[in-house]
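This is run.csv. It holds CSV, C-alpha atoms and all ligand atoms.
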chain,number,residue,atom,x,y,z
A,14,MET,CA,-3.9,-7.1,29.3
A,15,VAL,CA,-5.5,-3.7,28.7
A,16,ASN,CA,-8.6,-2.9,30.7
A,17,GLU,CA,-11.9,-2.6,28.7
A,18,LYS,CA,-12.5,1.1,29.4
A,19,VAL,CA,-8.9,1.9,28.6
A,20,HIS,CA,-9.2,-0.1,25.4
A,21,GLN,CA,-12.3,1.8,24.4
A,22,LEU,CA,-10.7,5.2,25.0
A,23,LEU,CA,-7.5,4.2,23.2
A,24,ASN,CA,-9.6,3.0,20.2
A,25,ASP,CA,-11.7,6.3,20.3
A,26,GLN,CA,-8.4,8.2,20.2
A,27,ILE,CA,-7.6,6.8,16.8
A,28,ASN,CA,-10.7,8.6,15.5
A,29,LYS,CA,-10.0,11.8,17.4
A,30,GLU,CA,-6.5,12.0,16.0
A,31,LEU,CA,-7.7,11.4,12.5
A,32,TYR,CA,-10.4,14.0,13.0
A,33,SER,CA,-7.6,16.4,14.1
A,34,ALA,CA,-5.7,15.6,10.9
A,35,TYR,CA,-8.9,16.4,9.0
A,36,LEU,CA,-9.5,19.6,10.9
A,37,TYR,CA,-5.9,20.8,10.2
A,38,LEU,CA,-6.3,20.0,6.5
A,39,ASP,CA,-9.3,22.3,6.6
A,40,PHE,CA,-7.2,25.0,8.2
A,41,SER,CA,-4.5,24.4,5.6
A,42,ASN,CA,-7.1,24.7,2.9
A,43,TYR,CA,-8.4,28.0,4.4
A,44,PHE,CA,-5.0,29.5,4.3
A,45,LYS,CA,-4.2,28.2,0.8
A,46,ALA,CA,-7.3,29.9,-0.5
A,47,ALA,CA,-6.3,33.1,1.3
A,48,GLY,CA,-2.9,33.1,-0.5
A,49,LEU,CA,-0.9,32.4,2.7
A,50,ASP,CA,1.1,29.3,1.6
A,51,GLY,CA,3.3,29.4,4.7
A,52,PHE,CA,0.4,29.1,7.1
A,53,ALA,CA,-1.1,26.4,4.7
A,54,ASN,CA,2.2,24.5,4.9
A,55,TRP,CA,2.3,24.7,8.7
A,56,TYR,CA,-1.2,23.2,9.1
A,57,TYR,CA,-0.6,20.6,6.3
A,58,ILE,CA,2.4,19.4,8.4
A,59,GLN,CA,0.2,19.5,11.5
A,60,ALA,CA,-2.3,17.3,9.7
A,61,GLN,CA,0.5,14.8,9.0
A,62,GLU,CA,1.5,14.8,12.6
A,63,GLU,CA,-2.0,14.1,13.7
A,64,ARG,CA,-2.2,11.1,11.3
A,65,ASP,CA,1.0,9.8,12.9
A,66,HIS,CA,-0.6,10.1,16.3
A,67,ALA,CA,-3.6,8.1,15.1
A,68,MET,CA,-1.2,5.4,13.7
A,69,LEU,CA,0.6,5.2,17.1
A,70,PHE,CA,-2.7,4.4,18.9
A,71,TYR,CA,-3.6,2.0,16.1
A,72,THR,CA,-0.3,0.2,16.4
A,73,TYR,CA,-0.2,0.2,20.2
A,74,LEU,CA,-3.6,-1.5,20.3
A,75,GLN,CA,-2.5,-4.1,17.7
A,76,ASN,CA,0.7,-4.8,19.6
A,77,GLU,CA,-1.4,-5.4,22.8
A,78,ASN,CA,-3.6,-7.8,20.9
A,79,MET,CA,-6.7,-5.5,21.3
A,80,PRO,CA,-9.2,-5.2,18.4
A,81,VAL,CA,-9.2,-2.0,16.5
A,82,THR,CA,-12.6,-0.6,15.4
A,83,LEU,CA,-12.6,2.2,12.9
A,84,GLU,CA,-15.5,4.6,13.0
A,85,ALA,CA,-16.6,7.4,10.6
A,86,ILE,CA,-14.5,10.6,10.8
A,87,ALA,CA,-16.7,13.7,11.4
A,88,LYS,CA,-16.7,16.7,9.1
A,89,PRO,CA,-14.5,19.6,10.4
A,90,ASP,CA,-17.0,21.8,12.1
A,91,LYS,CA,-15.1,25.0,13.0
A,92,VAL,CA,-16.3,28.2,11.4
A,93,LEU,CA,-13.2,29.7,9.7
A,94,ASP,CA,-14.0,33.4,9.0
A,95,SER,CA,-10.7,35.1,9.8
A,96,HIS,CA,-7.0,34.2,10.1
A,97,MET,CA,-7.1,34.7,13.9
A,98,THR,CA,-10.3,32.6,14.2
A,99,VAL,CA,-8.4,29.6,12.7
A,100,LEU,CA,-5.4,30.1,15.0
A,101,LYS,CA,-7.6,30.3,18.1
A,102,ALA,CA,-9.6,27.2,16.9
A,103,GLY,CA,-6.3,25.4,16.8
A,104,LEU,CA,-5.4,26.2,20.3
A,105,GLU,CA,-8.9,25.4,21.5
A,106,HIS,CA,-8.7,22.0,19.8
A,107,GLU,CA,-5.3,21.2,21.3
A,108,ILE,CA,-6.6,22.0,24.8
A,109,TYR,CA,-9.5,19.6,24.1
A,110,VAL,CA,-7.1,16.9,22.9
A,111,THR,CA,-5.0,17.3,26.0
A,112,SER,CA,-8.1,16.7,28.1
A,113,LEU,CA,-8.7,13.4,26.1
A,114,ILE,CA,-5.2,12.2,26.7
A,115,ASN,CA,-5.6,13.1,30.4
A,116,ASP,CA,-8.8,11.1,30.5
A,117,ILE,CA,-7.1,8.0,29.0
A,118,TYR,CA,-4.2,8.4,31.4
A,119,ALA,CA,-6.6,8.7,34.4
A,120,ALA,CA,-8.4,5.5,33.3
A,121,ALA,CA,-5.1,3.7,32.8
A,122,TYR,CA,-3.9,4.8,36.3
A,123,TYR,CA,-7.1,3.7,37.9
A,124,ALA,CA,-6.8,0.3,36.1
A,125,ARG,CA,-3.1,0.0,37.2
A,126,ASP,CA,-2.3,-0.3,33.4
A,127,PHE,CA,1.3,0.9,33.7
A,128,ARG,CA,2.2,0.0,30.2
A,129,THR,CA,-0.5,2.3,28.7
A,130,MET,CA,0.6,5.0,31.1
A,131,GLN,CA,4.1,4.6,29.8
A,132,PHE,CA,2.9,4.8,26.2
A,133,LEU,CA,0.8,7.9,27.0
A,134,ASP,CA,3.8,9.7,28.6
A,135,TRP,CA,5.0,10.7,25.1
A,136,PHE,CA,1.5,12.2,24.3
A,137,VAL,CA,1.4,14.1,27.6
A,138,LYS,CA,4.7,15.8,26.6
A,139,GLU,CA,3.6,16.2,23.0
A,140,GLN,CA,0.4,18.0,24.0
A,141,GLY,CA,2.4,20.5,26.0
A,142,GLU,CA,4.4,21.3,22.9
A,143,GLU,CA,1.2,21.4,20.7
A,144,GLU,CA,-0.4,23.9,23.1
A,145,THR,CA,2.7,26.0,23.2
A,146,ASN,CA,3.0,26.1,19.4
A,147,ALA,CA,-0.6,27.1,19.0
A,148,ASN,CA,-0.2,29.8,21.6
A,149,ASP,CA,3.0,31.1,20.0
A,150,LEU,CA,1.2,31.4,16.6
A,151,ILE,CA,-1.5,33.5,18.2
A,152,THR,CA,1.0,35.7,19.9
A,153,LYS,CA,3.0,36.2,16.7
A,154,MET,CA,-0.2,37.0,14.8
A,155,GLU,CA,-1.2,39.5,17.4
A,156,LEU,CA,2.2,41.2,17.2
A,157,PHE,CA,2.8,41.2,13.5
A,158,GLY,CA,-0.4,40.0,11.7
A,159,SER,CA,-2.1,43.4,11.3
A,160,ASP,CA,0.9,44.8,9.3
A,161,ALA,CA,1.2,43.5,5.7
A,162,LYS,CA,5.0,43.3,5.9
A,163,GLY,CA,4.8,41.5,9.3
A,164,LEU,CA,2.2,39.0,7.9
A,165,TYR,CA,4.5,38.4,4.9
A,166,MET,CA,7.4,37.6,7.1
A,167,LEU,CA,5.4,35.4,9.4
A,168,ASN,CA,4.1,33.5,6.4
A,169,GLN,CA,7.7,33.0,5.2
A,170,GLU,CA,8.7,31.7,8.6
A,171,LEU,CA,5.8,29.2,8.6
A,172,ALA,CA,6.7,28.1,5.1
A,173,ALA,CA,10.0,26.8,6.5
A,174,ARG,CA,8.4,24.2,8.7
A,175,VAL,CA,9.3,20.6,7.6
A,176,TYR,CA,7.7,17.3,8.4
A,177,SER,CA,9.5,15.0,10.7
A,178,ALA,CA,8.3,11.6,11.9
A,179,PRO,CA,7.3,11.2,15.6
A,180,SER,CA,10.1,10.4,18.0
A,181,LEU,CA,8.0,7.7,19.5
A,182,VAL,CA,8.5,4.4,17.6
A,183,LEU,CA,6.4,1.3,18.5
B,201,LIG,FE1,-2.6,14.7,18.3
B,201,LIG,FE2,-2.4,17.9,18.1
B,201,LIG,O1,-2.7,16.3,19.1

Transcribe the structure of this file into structure tokens.
Amino acid sequence: MVNEKVHQLLNDQINKELYSAYLYLDFSNYFKAAGLDGFANWYYIQAQEERDHAMLFYTYLQNENMPVTLEAIAKPDKVLDSHMTVLKAGLEHEIYVTSLINDIYAAAYYARDFRTMQFLDWFVKEQGEEETNANDLITKMELFGSDAKGLYMLNQELAARVYSAPSLVL
């Protein structure tokens, strides 16, 4: 039996992950318009991953016989006025999502909801990877992005990213 506060936070997270997908689609759209298809691909796949995250929370709640309530997804609200702004907004967003996962984990811990803690373990690890990836992108952009040839190569590298389903299966 999931505690009511934990239930509410898990339900809210469906919306937060779908918002993340929406935000990354906006990033992808920004880079597509800028002619950087590799960056657009990277964020398109990122959006797919976020949708997967939402579905994991959705399925977990259903498996636990907890009602799912779907709310409106907010409009992406980041101002995207340069390549680096987008990359930094991505890192900032992932740090925020990590704080949300930590809040759910803390509520589950307090409620002695060990099953939810076990479910969230995957997300704790995933957020570490998400922050590392966002940080790495910023570092690469700082190193190579100001040079046209470097930007071209970086764009090529990001074009090679392929979607893979999450390792967590419910
Ligand atoms: Fe679902 Fe990027 O965190």

Which one is closest to Ala47 (chain A): A:Ala172, A:Leu31, A:Leu93, A:Val19? Count only C-alpha atoms.
->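 Result for the nearest residue to Ala47 (chain A): A:Leu93.
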
Grab me every residue within 12 Å of ligand LIG 201 (chain B), counting all atoms listed in the file, and send it over as JSON, numbers by chain.
-> {"A": [26, 27, 28, 29, 30, 31, 32, 33, 34, 35, 36, 37, 56, 58, 59, 60, 61, 62, 63, 64, 65, 66, 67, 68, 69, 70, 102, 103, 104, 105, 106, 107, 108, 109, 110, 111, 112, 113, 114, 133, 135, 136, 137, 138, 139, 140, 141, 142, 143, 144, 145, 146, 147, 179]}

Judged by only C-alpha atoms, the minimum distance to Tyr176 (chain A) among A:Ser95, A:Asn54, A:Asn78, A:Asn115 is found for A:Asn54

Rounded to one decimal in Å, what is the spacing between CA of Lys88 (chain A) and CA of Phe52 (chain A)?
->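 That distance, rounded to one decimal, is 21.2 Å.
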
Please measure the separation of CA of Asp126 (chain A) and CA of Leu83 (chain A), giving the value in Å to one decimal.
->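 Going from CA of Asp126 (chain A) over to CA of Leu83 (chain A) covers 23.1 Å.
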
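By chain and then residue number, the residues within 9 Å of Val81 (chain A) are Asn24, Ile27, Tyr71, Leu74 and Gln75 of chain A, counting all atoms listed in the file and disregarding those fewer than 3 positions away in sequence.
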
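Closest approach to Thr98 (chain A) from the set A:Tyr122, A:Tyr165, A:Tyr43, A:Tyr73 is made by A:Tyr43, with distances taken over only C-alpha atoms.
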
What separation in Å, quoted to one decimal, exists between CA of Asn148 (chain A) and CA of Ala46 (chain A)?
->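 Going from CA of Asn148 (chain A) over to CA of Ala46 (chain A) covers 23.2 Å.
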
Counting all atoms listed in the file, closest pick from A:Leu171, A:Met97, A:Met79, A:Val15 relative to Leu156 (chain A) is A:Met97
